[in-house]
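Undergrad: Structure: run27.csv, CSV, C-alpha atoms.
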```csv
chain,number,residue,atom,x,y,z
A,1,MET,CA,135.0,107.4,99.7
A,2,THR,CA,133.6,107.8,103.2
A,3,SER,CA,130.0,108.8,104.0
A,4,SER,CA,131.2,112.0,105.7
A,5,SER,CA,133.1,113.1,102.5
A,6,LEU,CA,130.0,112.4,100.4
A,7,LYS,CA,127.9,114.5,102.8
A,8,SER,CA,130.1,117.5,102.1
A,9,THR,CA,129.5,117.4,98.4
A,10,SER,CA,126.0,115.9,98.2
A,11,ILE,CA,122.4,117.2,98.2
A,12,ASN,CA,119.9,114.8,99.6
A,13,LEU,CA,116.3,114.9,98.4
A,14,ALA,CA,113.2,113.0,99.5
A,15,SER,CA,110.0,112.3,97.6
A,16,LEU,CA,107.4,112.6,100.3
A,17,ALA,CA,103.7,111.6,100.4
A,18,PRO,CA,102.2,114.2,102.7
A,19,LYS,CA,99.3,111.9,103.7
A,20,LEU,CA,97.8,108.5,103.1
A,21,GLY,CA,98.0,108.0,99.4
A,22,GLY,CA,98.9,111.6,98.8
A,23,ASP,CA,100.9,112.7,95.8
A,24,LEU,CA,104.6,112.3,96.2
A,25,ILE,CA,106.6,115.5,96.6
A,26,VAL,CA,110.4,115.8,96.3
A,27,LYS,CA,112.1,117.6,99.2
A,28,GLU,CA,115.5,117.8,100.8
A,29,ALA,CA,116.5,115.2,103.3
A,30,SER,CA,119.6,114.2,105.4
A,31,PHE,CA,122.4,112.0,104.0
A,32,PRO,CA,122.5,108.4,105.3
A,33,THR,CA,125.4,107.0,107.4
A,34,PRO,CA,126.0,103.2,107.2
A,35,ASN,CA,126.6,100.9,110.2
A,36,PRO,CA,129.7,98.7,110.2
A,37,ASN,CA,128.2,95.9,108.0
A,38,GLU,CA,126.3,98.2,105.6
A,39,ILE,CA,127.1,100.0,102.4
A,40,VAL,CA,125.7,103.1,100.7
A,41,VAL,CA,124.8,102.6,97.1
A,42,GLU,CA,124.2,105.4,94.5
A,43,SER,CA,121.1,104.1,92.9
A,44,LYS,CA,120.9,103.8,89.2
A,45,ALA,CA,117.7,101.8,89.0
A,46,LEU,CA,114.9,101.1,91.5
A,47,GLY,CA,112.4,98.3,91.3
A,48,ILE,CA,108.7,98.8,92.1
A,49,ASN,CA,106.8,95.8,93.5
A,50,PRO,CA,103.0,95.5,94.2
A,51,PHE,CA,103.9,95.6,97.9
A,52,ASP,CA,105.2,99.2,97.5
A,53,TRP,CA,101.9,100.7,96.5
A,54,ILE,CA,100.0,98.5,98.9
A,55,VAL,CA,101.9,100.0,101.7
A,56,TRP,CA,101.3,103.4,100.2
A,57,ILE,CA,97.5,103.0,100.3
A,58,ALA,CA,97.0,100.4,103.0
A,59,SER,CA,99.9,100.5,105.5
A,60,ASN,CA,97.5,99.9,108.3
A,61,LEU,CA,96.8,96.5,106.8
A,62,ALA,CA,100.2,95.5,105.4
A,63,THR,CA,102.8,97.1,107.7
A,64,SER,CA,101.1,98.5,110.8
A,65,TRP,CA,104.5,98.9,112.5
A,66,LEU,CA,105.8,101.2,109.8
A,67,THR,CA,106.5,104.7,111.1
A,68,PHE,CA,106.1,107.7,108.8
A,69,PRO,CA,107.5,109.5,106.9
A,70,ALA,CA,108.8,106.2,105.4
A,71,VAL,CA,111.0,105.3,102.5
A,72,LEU,CA,109.4,102.6,100.4
A,73,GLY,CA,111.0,100.1,98.1
A,74,THR,CA,113.2,97.0,98.3
A,75,ASP,CA,114.9,96.8,94.9
A,76,VAL,CA,118.0,98.8,94.0
A,77,ALA,CA,120.9,98.5,91.5
A,78,GLY,CA,123.7,101.0,91.4
A,79,GLU,CA,127.3,101.8,92.4
A,80,VAL,CA,128.9,101.5,95.9
A,81,VAL,CA,129.9,105.0,97.1
A,82,ALA,CA,130.6,104.2,100.8
A,83,VAL,CA,131.2,101.2,103.0
A,84,GLY,CA,130.9,100.5,106.7
A,85,SER,CA,134.0,99.8,108.8
A,86,ALA,CA,133.4,96.0,108.8
A,87,VAL,CA,132.6,95.5,105.2
A,88,THR,CA,135.1,93.2,103.4
A,89,LYS,CA,133.3,92.1,100.2
A,90,PHE,CA,132.7,95.4,98.5
A,91,LYS,CA,134.6,98.6,97.7
A,92,VAL,CA,133.7,102.0,96.3
A,93,GLY,CA,133.0,101.8,92.6
A,94,ASP,CA,131.5,98.2,92.6
A,95,ARG,CA,128.4,97.7,90.5
A,96,VAL,CA,125.8,96.0,92.6
A,97,LEU,CA,122.2,95.0,93.1
A,98,SER,CA,120.8,94.8,96.6
A,99,LEU,CA,117.7,94.0,98.7
A,100,ALA,CA,116.8,97.0,100.9
A,101,VAL,CA,114.9,96.2,104.1
A,102,GLY,CA,113.9,99.5,105.5
A,103,MET,CA,110.2,98.6,105.6
A,104,ASP,CA,110.8,95.5,107.7
A,105,LYS,CA,109.4,95.5,111.2
A,106,ASP,CA,112.8,95.0,112.9
A,107,VAL,CA,114.4,97.7,110.8
A,108,ASN,CA,111.8,100.4,110.1
A,109,SER,CA,114.3,102.9,108.8
A,110,PRO,CA,113.7,105.5,106.1
A,111,ALA,CA,117.5,105.5,105.3
A,112,ARG,CA,117.2,101.8,104.4
A,113,GLY,CA,114.4,102.0,102.0
A,114,ALA,CA,115.2,101.5,98.3
A,115,PHE,CA,113.5,104.6,96.8
A,116,GLN,CA,116.3,107.1,97.2
A,117,SER,CA,119.5,108.1,95.5
A,118,PHE,CA,121.8,106.7,98.2
A,119,PRO,CA,120.0,103.9,100.2
A,120,ILE,CA,121.8,102.1,102.9
A,121,VAL,CA,121.9,98.3,102.3
A,122,SER,CA,123.2,95.2,104.0
A,123,GLU,CA,126.5,93.7,102.8
A,124,SER,CA,124.9,90.2,103.1
A,125,LEU,CA,122.0,91.1,100.8
A,126,THR,CA,124.1,92.7,98.1
A,127,SER,CA,125.5,91.1,94.9
A,128,LYS,CA,128.1,92.3,92.5
A,129,ILE,CA,126.8,92.5,88.9
A,130,PRO,CA,128.8,92.1,85.6
A,131,ASP,CA,129.5,94.9,83.3
A,132,THR,CA,127.3,93.2,80.7
A,133,LEU,CA,124.2,93.6,82.8
A,134,SER,CA,122.5,97.0,82.8
A,135,TYR,CA,121.3,98.6,86.1
A,136,GLU,CA,117.8,98.4,84.7
A,137,GLU,CA,118.1,94.7,84.2
A,138,ALA,CA,119.7,94.1,87.6
A,139,SER,CA,117.1,96.1,89.5
A,140,VAL,CA,114.3,93.6,88.6
A,141,LEU,CA,115.9,90.9,90.8
A,142,PRO,CA,116.2,91.6,94.5
A,143,LEU,CA,112.8,91.0,96.0
A,144,GLY,CA,111.8,88.5,93.4
A,145,ILE,CA,114.8,86.3,94.0
A,146,ALA,CA,114.6,86.8,97.7
A,147,THR,CA,111.0,85.8,97.9
A,148,ALA,CA,111.6,82.8,95.7
A,149,SER,CA,114.6,81.8,97.8
A,150,ALA,CA,112.6,82.1,101.0
A,151,GLY,CA,109.9,79.8,99.7
A,152,LEU,CA,112.3,77.3,98.2
A,153,PHE,CA,115.2,77.1,100.6
A,154,GLN,CA,114.3,78.3,104.1
A,155,LYS,CA,114.0,75.5,106.7
A,156,ASP,CA,110.4,76.5,107.6
A,157,HIS,CA,109.4,76.3,103.9
A,158,LEU,CA,110.3,73.7,101.2
A,159,ALA,CA,113.9,73.5,102.6
A,160,LEU,CA,115.4,72.4,99.2
A,161,LYS,CA,119.1,72.2,98.5
A,162,TYR,CA,120.8,75.4,97.5
A,163,PRO,CA,121.5,76.3,93.8
A,164,GLN,CA,124.9,76.1,92.3
A,165,PRO,CA,126.3,78.5,89.7
A,166,GLY,CA,127.7,75.7,87.6
A,167,ASN,CA,126.4,72.4,86.4
A,168,VAL,CA,124.5,70.4,89.0
A,169,LYS,CA,123.5,66.8,89.1
A,170,PRO,CA,119.8,66.2,88.8
A,171,LYS,CA,118.2,65.2,92.0
A,172,GLY,CA,115.3,63.3,90.6
A,173,GLU,CA,112.8,65.4,92.4
A,174,THR,CA,110.0,67.6,91.0
A,175,ILE,CA,108.5,70.8,92.4
A,176,LEU,CA,105.5,72.9,91.2
A,177,VAL,CA,105.8,76.6,90.6
A,178,TRP,CA,102.2,78.0,90.3
A,179,GLY,CA,102.5,81.4,88.7
A,180,GLY,CA,105.7,80.8,86.8
A,181,SER,CA,105.6,84.0,84.7
A,182,THR,CA,105.4,86.3,87.8
A,183,SER,CA,108.6,88.0,89.0
A,184,VAL,CA,108.9,85.5,91.9
A,185,GLY,CA,107.9,82.6,89.7
A,186,ILE,CA,110.6,83.4,87.0
A,187,ASN,CA,113.2,83.4,89.8
A,188,ALA,CA,111.8,80.3,91.5
A,189,ILE,CA,112.0,78.3,88.3
A,190,GLN,CA,115.7,79.3,87.6
A,191,LEU,CA,116.7,78.8,91.2
A,192,ALA,CA,115.1,75.3,91.5
A,193,VAL,CA,116.6,74.2,88.2
A,194,ALA,CA,120.1,75.5,89.3
A,195,ALA,CA,119.7,73.4,92.4
A,196,GLY,CA,119.1,70.3,90.3
A,197,TYR,CA,115.3,70.0,90.6
A,198,ASP,CA,112.8,69.2,87.9
A,199,VAL,CA,110.2,72.0,87.6
A,200,ILE,CA,106.7,72.2,86.2
A,201,ALA,CA,105.0,75.5,86.2
A,202,THR,CA,101.8,77.4,85.3
A,203,SER,CA,101.1,80.5,83.4
A,204,SER,CA,98.9,81.7,80.6
A,205,PRO,CA,99.7,79.9,77.3
A,206,ARG,CA,101.4,83.0,75.8
A,207,ASN,CA,104.2,82.6,78.4
A,208,PHE,CA,104.8,78.8,78.0
A,209,ASN,CA,107.9,79.3,75.9
A,210,LEU,CA,109.3,81.7,78.5
A,211,LEU,CA,108.8,79.1,81.3
A,212,LYS,CA,110.5,76.4,79.2
A,213,SER,CA,113.4,78.7,78.3
A,214,LEU,CA,114.0,79.1,82.0
A,215,GLY,CA,114.2,75.4,82.5
A,216,ALA,CA,110.7,74.2,83.3
A,217,SER,CA,110.1,70.7,81.9
A,218,ALA,CA,106.3,71.3,81.5
A,219,ALA,CA,103.9,74.2,81.5
A,220,PHE,CA,100.2,74.3,82.3
A,221,ASP,CA,97.5,76.9,81.7
A,222,TYR,CA,96.3,78.0,85.1
A,223,ASN,CA,93.0,79.2,83.6
A,224,SER,CA,92.1,75.7,82.3
A,225,ALA,CA,89.1,74.1,84.0
A,226,THR,CA,91.1,70.9,84.3
A,227,VAL,CA,94.4,72.3,85.4
A,228,VAL,CA,94.4,70.8,88.9
A,229,LYS,CA,93.5,67.4,87.5
A,230,ASP,CA,96.1,67.7,84.7
A,231,ILE,CA,98.9,68.6,87.0
A,232,SER,CA,98.1,65.9,89.5
A,233,SER,CA,98.1,63.3,86.8
A,234,HIS,CA,101.4,64.6,85.4
A,235,LEU,CA,103.0,64.6,88.9
A,236,GLN,CA,101.9,61.0,89.5
A,237,THR,CA,104.3,60.0,86.7
A,238,LYS,CA,107.3,61.6,88.6
A,239,PRO,CA,109.4,59.5,90.9
A,240,LYS,CA,109.5,62.1,93.7
A,241,VAL,CA,107.7,65.3,94.3
A,242,SER,CA,109.1,67.9,96.8
A,243,GLY,CA,106.3,70.4,97.2
A,244,ALA,CA,105.0,73.6,95.6
A,245,ILE,CA,105.3,77.3,95.7
A,246,ALA,CA,102.0,79.2,95.2
A,247,LEU,CA,102.0,82.7,93.5
A,248,GLY,CA,98.9,84.5,92.5
A,249,MET,CA,95.2,84.6,93.5
A,250,GLY,CA,93.8,81.1,94.0
A,251,SER,CA,97.2,79.5,93.8
A,252,ALA,CA,97.2,78.3,97.4
A,253,GLU,CA,94.0,76.4,97.1
A,254,ALA,CA,95.1,74.8,93.8
A,255,CYS,CA,98.5,73.8,95.1
A,256,VAL,CA,97.1,72.3,98.2
A,257,ALA,CA,94.6,70.3,96.2
A,258,ILE,CA,97.4,69.1,93.9
A,259,ILE,CA,100.0,68.2,96.5
A,260,GLY,CA,97.3,66.6,98.7
A,261,SER,CA,96.2,64.4,95.9
A,262,LEU,CA,99.6,62.6,95.6
A,263,PRO,CA,99.6,59.7,98.0
A,264,SER,CA,103.2,58.8,97.4
A,265,ILE,CA,104.7,62.1,98.7
A,266,PRO,CA,106.4,61.7,102.1
A,267,ALA,CA,104.7,63.7,104.8
A,268,HIS,CA,107.5,66.3,105.1
A,269,ARG,CA,107.2,67.0,101.4
A,270,LYS,CA,103.5,67.7,101.5
A,271,PHE,CA,104.2,71.4,101.7
A,272,VAL,CA,103.1,74.5,99.9
A,273,SER,CA,104.9,77.9,100.3
A,274,ILE,CA,102.4,80.7,99.8
A,275,ALA,CA,103.4,84.2,98.6
A,276,THR,CA,99.9,85.6,97.9
A,277,GLY,CA,97.0,86.6,100.1
A,278,PRO,CA,93.4,85.8,99.5
A,279,PHE,CA,92.3,89.2,98.3
A,280,GLU,CA,93.5,92.0,96.0
A,281,LEU,CA,93.6,95.7,96.8
A,282,ASP,CA,93.8,97.0,93.1
A,283,LYS,CA,90.2,98.2,93.3
A,284,PHE,CA,91.1,100.7,96.0
A,285,PHE,CA,94.1,102.2,94.2
A,286,ALA,CA,92.1,104.9,92.5
A,287,HIS,CA,90.8,106.0,95.9
A,288,ARG,CA,94.4,106.1,97.3
A,289,ARG,CA,93.3,104.3,100.5
A,290,VAL,CA,91.2,101.4,101.7
A,291,PRO,CA,88.0,103.0,103.2
A,292,LEU,CA,87.0,102.1,106.7
A,293,SER,CA,83.8,100.7,105.3
A,294,ALA,CA,85.7,98.0,103.5
A,295,MET,CA,87.7,96.9,106.5
A,296,PRO,CA,85.1,94.5,108.0
A,297,GLY,CA,84.8,92.7,104.6
A,298,ILE,CA,88.6,92.4,104.2
A,299,VAL,CA,89.2,91.2,107.7
A,300,GLY,CA,86.2,88.9,107.6
A,301,GLY,CA,87.2,87.5,104.2
A,302,LEU,CA,90.7,86.8,105.5
A,303,LEU,CA,89.4,84.9,108.5
A,304,VAL,CA,87.1,82.9,106.4
A,305,TRP,CA,89.9,82.1,104.0
A,306,VAL,CA,92.2,81.0,106.8
A,307,LEU,CA,89.5,78.8,108.2
A,308,LYS,CA,88.8,77.2,104.8
A,309,MET,CA,92.5,76.7,104.2
A,310,THR,CA,93.0,75.1,107.6
A,311,ILE,CA,90.2,72.6,106.9
A,312,LYS,CA,91.6,71.8,103.4
A,313,THR,CA,95.2,71.4,104.5
A,314,THR,CA,94.1,69.3,107.5
A,315,LEU,CA,92.0,67.0,105.4
A,316,LYS,CA,94.7,66.7,102.7
A,317,GLY,CA,97.6,66.4,105.1
A,318,VAL,CA,99.4,69.4,103.6
A,319,LYS,CA,101.4,71.9,105.5
A,320,THR,CA,101.7,75.6,104.4
A,321,ASN,CA,103.6,78.7,105.4
A,322,GLN,CA,103.3,82.3,104.2
A,323,ILE,CA,106.5,83.7,102.5
A,324,TRP,CA,108.0,87.0,103.7
A,325,GLY,CA,110.7,87.7,101.1
A,326,THR,CA,113.1,89.8,103.3
A,327,ASP,CA,113.2,87.0,105.9
A,328,VAL,CA,116.3,85.7,104.0
A,329,LYS,CA,118.3,88.3,105.9
A,330,LYS,CA,117.7,86.3,109.1
A,331,SER,CA,119.0,83.0,107.8
A,332,GLU,CA,121.9,81.5,105.8
A,333,VAL,CA,119.7,81.7,102.7
A,334,GLY,CA,120.5,85.4,102.1
A,335,LYS,CA,124.3,84.6,101.9
A,336,ALA,CA,123.7,81.5,99.9
A,337,ILE,CA,121.9,83.4,97.2
A,338,PHE,CA,123.3,86.9,97.2
A,339,GLU,CA,126.9,86.0,97.9
A,340,ASP,CA,127.6,82.4,96.9
A,341,PHE,CA,125.3,82.0,93.9
A,342,LEU,CA,124.1,85.1,92.2
A,343,PRO,CA,127.3,87.0,91.3
A,344,GLU,CA,128.9,84.0,89.6
A,345,ALA,CA,125.7,82.9,87.9
A,346,LEU,CA,125.0,86.3,86.5
A,347,GLY,CA,128.6,86.6,85.3
A,348,ALA,CA,128.4,83.2,83.6
A,349,LYS,CA,125.0,84.1,82.2
A,350,THR,CA,123.5,80.9,83.6
A,351,PHE,CA,120.9,82.9,85.5
A,352,ARG,CA,118.8,85.5,83.6
A,353,ALA,CA,117.8,88.8,85.1
A,354,LEU,CA,114.0,88.7,84.4
A,355,PRO,CA,111.3,89.8,84.0
A,356,GLU,CA,112.4,92.3,81.3
A,357,PRO,CA,112.2,95.9,82.5
A,358,PHE,CA,109.4,98.0,81.1
A,359,VAL,CA,110.3,101.7,81.1
A,360,VAL,CA,107.5,104.1,82.1
A,361,GLY,CA,109.4,107.3,82.5
A,362,HIS,CA,112.4,109.2,83.9
A,363,GLY,CA,113.1,110.7,87.3
A,364,LEU,CA,111.6,110.3,90.8
A,365,GLU,CA,108.5,112.0,89.5
A,366,SER,CA,107.7,108.9,87.5
A,367,ILE,CA,107.6,106.5,90.5
A,368,GLN,CA,104.0,107.3,91.1
A,369,ALA,CA,103.3,106.6,87.4
A,370,GLY,CA,105.1,103.3,88.0
A,371,PHE,CA,102.6,102.5,90.7
A,372,GLU,CA,99.8,103.1,88.3
A,373,ALA,CA,101.4,101.0,85.6
A,374,GLN,CA,101.9,98.2,88.0
A,375,VAL,CA,98.3,98.2,89.1
A,376,LYS,CA,97.1,98.1,85.4
A,377,GLY,CA,99.4,95.1,84.9
A,378,VAL,CA,102.2,94.1,82.5
A,379,SER,CA,102.6,90.4,81.7
A,380,ALA,CA,106.0,88.9,82.3
A,381,LYS,CA,107.7,92.3,82.5
A,382,LYS,CA,108.7,94.7,85.3
A,383,VAL,CA,107.9,98.4,85.2
A,384,VAL,CA,111.0,100.6,85.0
A,385,SER,CA,111.5,104.4,85.4
A,386,GLU,CA,115.0,105.3,84.5
A,387,HIS,CA,117.1,106.6,87.5
A,388,THR,CA,120.4,107.6,86.0
A,389,LEU,CA,121.8,110.2,88.3
A,390,ARG,CA,123.7,113.3,87.0
A,391,GLY,CA,125.9,114.5,89.8
A,392,ILE,CA,125.6,113.2,93.4
A,393,MET,CA,122.1,113.6,94.8
A,394,ASN,CA,120.4,111.5,97.4
A,395,VAL,CA,116.6,111.3,96.8
A,396,HIS,CA,114.3,109.5,99.2
A,397,LEU,CA,110.8,108.3,98.5
A,398,LEU,CA,109.0,108.8,101.8
A,399,VAL,CA,105.4,108.2,102.7
A,400,PRO,CA,104.1,110.0,105.7
A,401,GLY,CA,100.8,109.0,107.3
A,402,ARG,CA,99.3,105.5,107.4
A,403,SER,CA,98.4,105.1,104.3
A,404,GLU,CA,104.1,90.4,88.2
A,405,LYS,CA,107.3,92.9,89.9
A,406,TRP,CA,108.3,96.3,88.7
A,407,THR,CA,111.4,98.5,88.2
A,408,CYS,CA,111.7,102.2,88.8
A,409,ASN,CA,114.8,104.1,87.7
A,410,ALA,CA,115.0,107.9,88.0
A,411,MET,CA,117.1,110.6,86.4
A,412,LEU,CA,118.2,113.8,88.3
A,413,VAL,CA,118.9,116.6,85.9
```
So that I can check it, write out the structure of this file as structure tokens.
TA:
Amino acid sequence: MTSSSLKSTSINLASLAPKLGGDLIVKEASFPTPNPNEIVVESKALGINPFDWIVWIASNLATSWLTFPAVLGTDVAGEVVAVGSAVTKFKVGDRVLSLAVGMDKDVNSPARGAFQSFPIVSESLTSKIPDTLSYEEASVLPLGIATASAGLFQKDHLALKYPQPGNVKPKGETILVWGGSTSVGINAIQLAVAAGYDVIATSSPRNFNLLKSLGASAAFDYNSATVVKDISSHLQTKPKVSGAIALGMGSAEACVAIIGSLPSIPAHRKFVSIATGPFELDKFFAHRRVPLSAMPGIVGGLLVWVLKMTIKTTLKGVKTNQIWGTDVKKSEVGKAIFEDFLPEALGAKTFRALPEPFVVGHGLESIQAGFEAQVKGVSAKKVVSEHTLRGIMNVHLLVPGRSEKWTCNAMLV
């Protein structure tokens, strides 16, 4: 089916935030048209990440380039309904998951945000999913697996070897995943194991069994007063250590201390990929914005953190880099994961779609409730609002003004 034929039979709706942090309102919007290498997906499930509500209340801090009204969201699972003229790997009717990049600086396109009924997505950032995997389960993956992949495999990060969907020979190298029960951490453990690496990870004790079921050889309590010392001692028994990925508050400092304490690591492997900033914005969520009075403290705190980290990394001889998950679209990593690895691994059930979805409601109206549930926190789960569509309707979640991973699915009735 072409995009033009869909337009003649479809109603397009948008869920708009009229101002910074304003309540989302559903309104009619135009129907998207894909470029040659893009596809249009009828969304059945949409994932909510912390980044979504951060942009909603603090776009001037997180995505100052973003123009409004904007469509938020990166995680979509659904059915292909239209393909661009150059698309060769997908056809109408395919069940897929995809990473939407509409909020990226070099894209900045409402039609390419995930929170709509028919988002436009890139062919190279889309994976077919098996019939045995529900849309709700599939929608927990895109940004989590992309962020983990960027930190593990990109040349300017850990630059590990790519995962294989089948059995892979152990490489005799160990990596540390700090924050293993987060959405990114769960994906990072599985990807590294599928690439042949030994993985040790941190979480709270209640999630130790989860980490080990994913393939981690050891799990440590990140709240323990001796965790840095314990992990350092453990890693000293390993023949080769290949760096760390840091997820969660305080993780960067801990990982730098650990990796920097291991004298046997080659200089190019003294590396920490960082996916979390030095401060949290949860306390501002109730106010729907970050007040101007808080800006000096946030900016000042960031500068102090950067200075301290620079001193620590220099003294320890450790290099770091901040992860931006959607950067995989700019390198071969996107294809290696979304095309070469994930479809076969999901079909063979050697890669698990986790965290488990946690349903908070139905319809686009529940997306805002999904934001609230995400802020409150759900351990080792992803918030889900069911998004099964009845009939063909395109619903955008737009945010005008400057205003561990979750799933949002919505039902139009």
Undergrad: When you look at Leu281 of chain A with a cut-off of 10 Å (counting all atoms listed in the file), what residues show up, excluding the ones that are within fewer than 6 positions of it in the same chain? I need them as a PDB file with C-alpha atoms, in the coordinates of the input.
TA:
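Result written to result.pdb:
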```pdb
ATOM      1  CA  PRO A  50     103.000  95.500  94.200  1.00  0.00           C
ATOM      2  CA  TRP A  53     101.900 100.700  96.500  1.00  0.00           C
ATOM      3  CA  ILE A  54     100.000  98.500  98.900  1.00  0.00           C
ATOM      4  CA  ILE A  57      97.500 103.000 100.300  1.00  0.00           C
ATOM      5  CA  ALA A  58      97.000 100.400 103.000  1.00  0.00           C
ATOM      6  CA  ARG A 289      93.300 104.300 100.500  1.00  0.00           C
ATOM      7  CA  VAL A 290      91.200 101.400 101.700  1.00  0.00           C
ATOM      8  CA  ILE A 298      88.600  92.400 104.200  1.00  0.00           C
ATOM      9  CA  VAL A 375      98.300  98.200  89.100  1.00  0.00           C
TER      10      VAL A 375
END
```
Undergrad: Nearest to Ala150 of chain A: which of A:Lys229, A:Lys89, A:Lys128, A:Lys335 is it, counting all atoms listed in the file?
TA: A:Lys335
Undergrad: Considering only C-alpha atoms, can you say which of A:Val328, A:Val41, A:Leu143, A:Ile48 comes closest to Gly93 of chain A?
TA: A:Val41
Undergrad: What gap, in Å, lies between atom CA of Val360 of chain A and atom CA of Phe118 of chain A?
TA: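 These atoms are spaced 21.7 Å apart.
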Undergrad: What's the 12 Å shell around Pro130 of chain A, counting all atoms listed in the file, without same-chain residues fewer than 6 positions away, as a list in words?
TA: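 Answer for this query is Ala77, Gly78, Glu79, Asp94, Arg95, Val96, Leu97, Glu137, Ala138, Leu342, Pro343, Glu344, Ala345, Leu346, Gly347, Ala348, Lys349 and Ala353 of chain A.
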Undergrad: In Å, how far is it from atom CA of Pro34 of chain A to atom CA of Val71 of chain A?
TA: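 Interatomic distance here is 15.9 Å.
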Undergrad: Residues at most 6 Å from segment 235-249 of chain A, counting only C-alpha atoms, excluding those fewer than 4 positions away in the same chain, as an mmCIF file with C-alpha atoms, keeping the file's coordinate frame?
TA:
```cif
data_model
loop_
_atom_site.group_PDB
_atom_site.id
_atom_site.type_symbol
_atom_site.label_atom_id
_atom_site.label_comp_id
_atom_site.auth_asym_id
_atom_site.auth_seq_id
_atom_site.Cartn_x
_atom_site.Cartn_y
_atom_site.Cartn_z
ATOM 1 C CA GLU A 173 112.800 65.400 92.400
ATOM 2 C CA THR A 174 110.000 67.600 91.000
ATOM 3 C CA ILE A 175 108.500 70.800 92.400
ATOM 4 C CA LEU A 176 105.500 72.900 91.200
ATOM 5 C CA VAL A 177 105.800 76.600 90.600
ATOM 6 C CA TRP A 178 102.200 78.000 90.300
ATOM 7 C CA GLY A 179 102.500 81.400 88.700
ATOM 8 C CA ARG A 269 107.200 67.000 101.400
ATOM 9 C CA LYS A 270 103.500 67.700 101.500
ATOM 10 C CA PHE A 271 104.200 71.400 101.700
ATOM 11 C CA VAL A 272 103.100 74.500 99.900
ATOM 12 C CA SER A 273 104.900 77.900 100.300
ATOM 13 C CA ILE A 274 102.400 80.700 99.800
ATOM 14 C CA ALA A 275 103.400 84.200 98.600
ATOM 15 C CA THR A 276 99.900 85.600 97.900
#
```
Undergrad: For atom CA of Ala148 of chain A and atom CA of Gly166 of chain A, determine how far apart the two atoms are, in Å to one decimal place.
TA: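 Pair atom CA of Ala148 of chain A / atom CA of Gly166 of chain A returns 19.4 Å.
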Undergrad: Give as a short mmCIF file (atom, residue, chain, number, x, y, z; two decimals) with C-alpha atoms, keeping the file's coordinate frame the set of residues within 12 Å of the point (103.7, 93.0, 78.6), where distances use the file's coordinates and only C-alpha atoms.
TA:
```cif
data_model
loop_
_atom_site.label_atom_id
_atom_site.label_comp_id
_atom_site.auth_asym_id
_atom_site.auth_seq_id
_atom_site.Cartn_x
_atom_site.Cartn_y
_atom_site.Cartn_z
CA SER A 181 105.60 84.00 84.70
CA THR A 182 105.40 86.30 87.80
CA ARG A 206 101.40 83.00 75.80
CA ASN A 207 104.20 82.60 78.40
CA PRO A 355 111.30 89.80 84.00
CA GLU A 356 112.40 92.30 81.30
CA PRO A 357 112.20 95.90 82.50
CA PHE A 358 109.40 98.00 81.10
CA VAL A 359 110.30 101.70 81.10
CA ALA A 373 101.40 101.00 85.60
CA GLN A 374 101.90 98.20 88.00
CA LYS A 376 97.10 98.10 85.40
CA GLY A 377 99.40 95.10 84.90
CA VAL A 378 102.20 94.10 82.50
CA SER A 379 102.60 90.40 81.70
CA ALA A 380 106.00 88.90 82.30
CA LYS A 381 107.70 92.30 82.50
CA LYS A 382 108.70 94.70 85.30
CA VAL A 383 107.90 98.40 85.20
CA GLU A 404 104.10 90.40 88.20
CA LYS A 405 107.30 92.90 89.90
CA TRP A 406 108.30 96.30 88.70
#
```
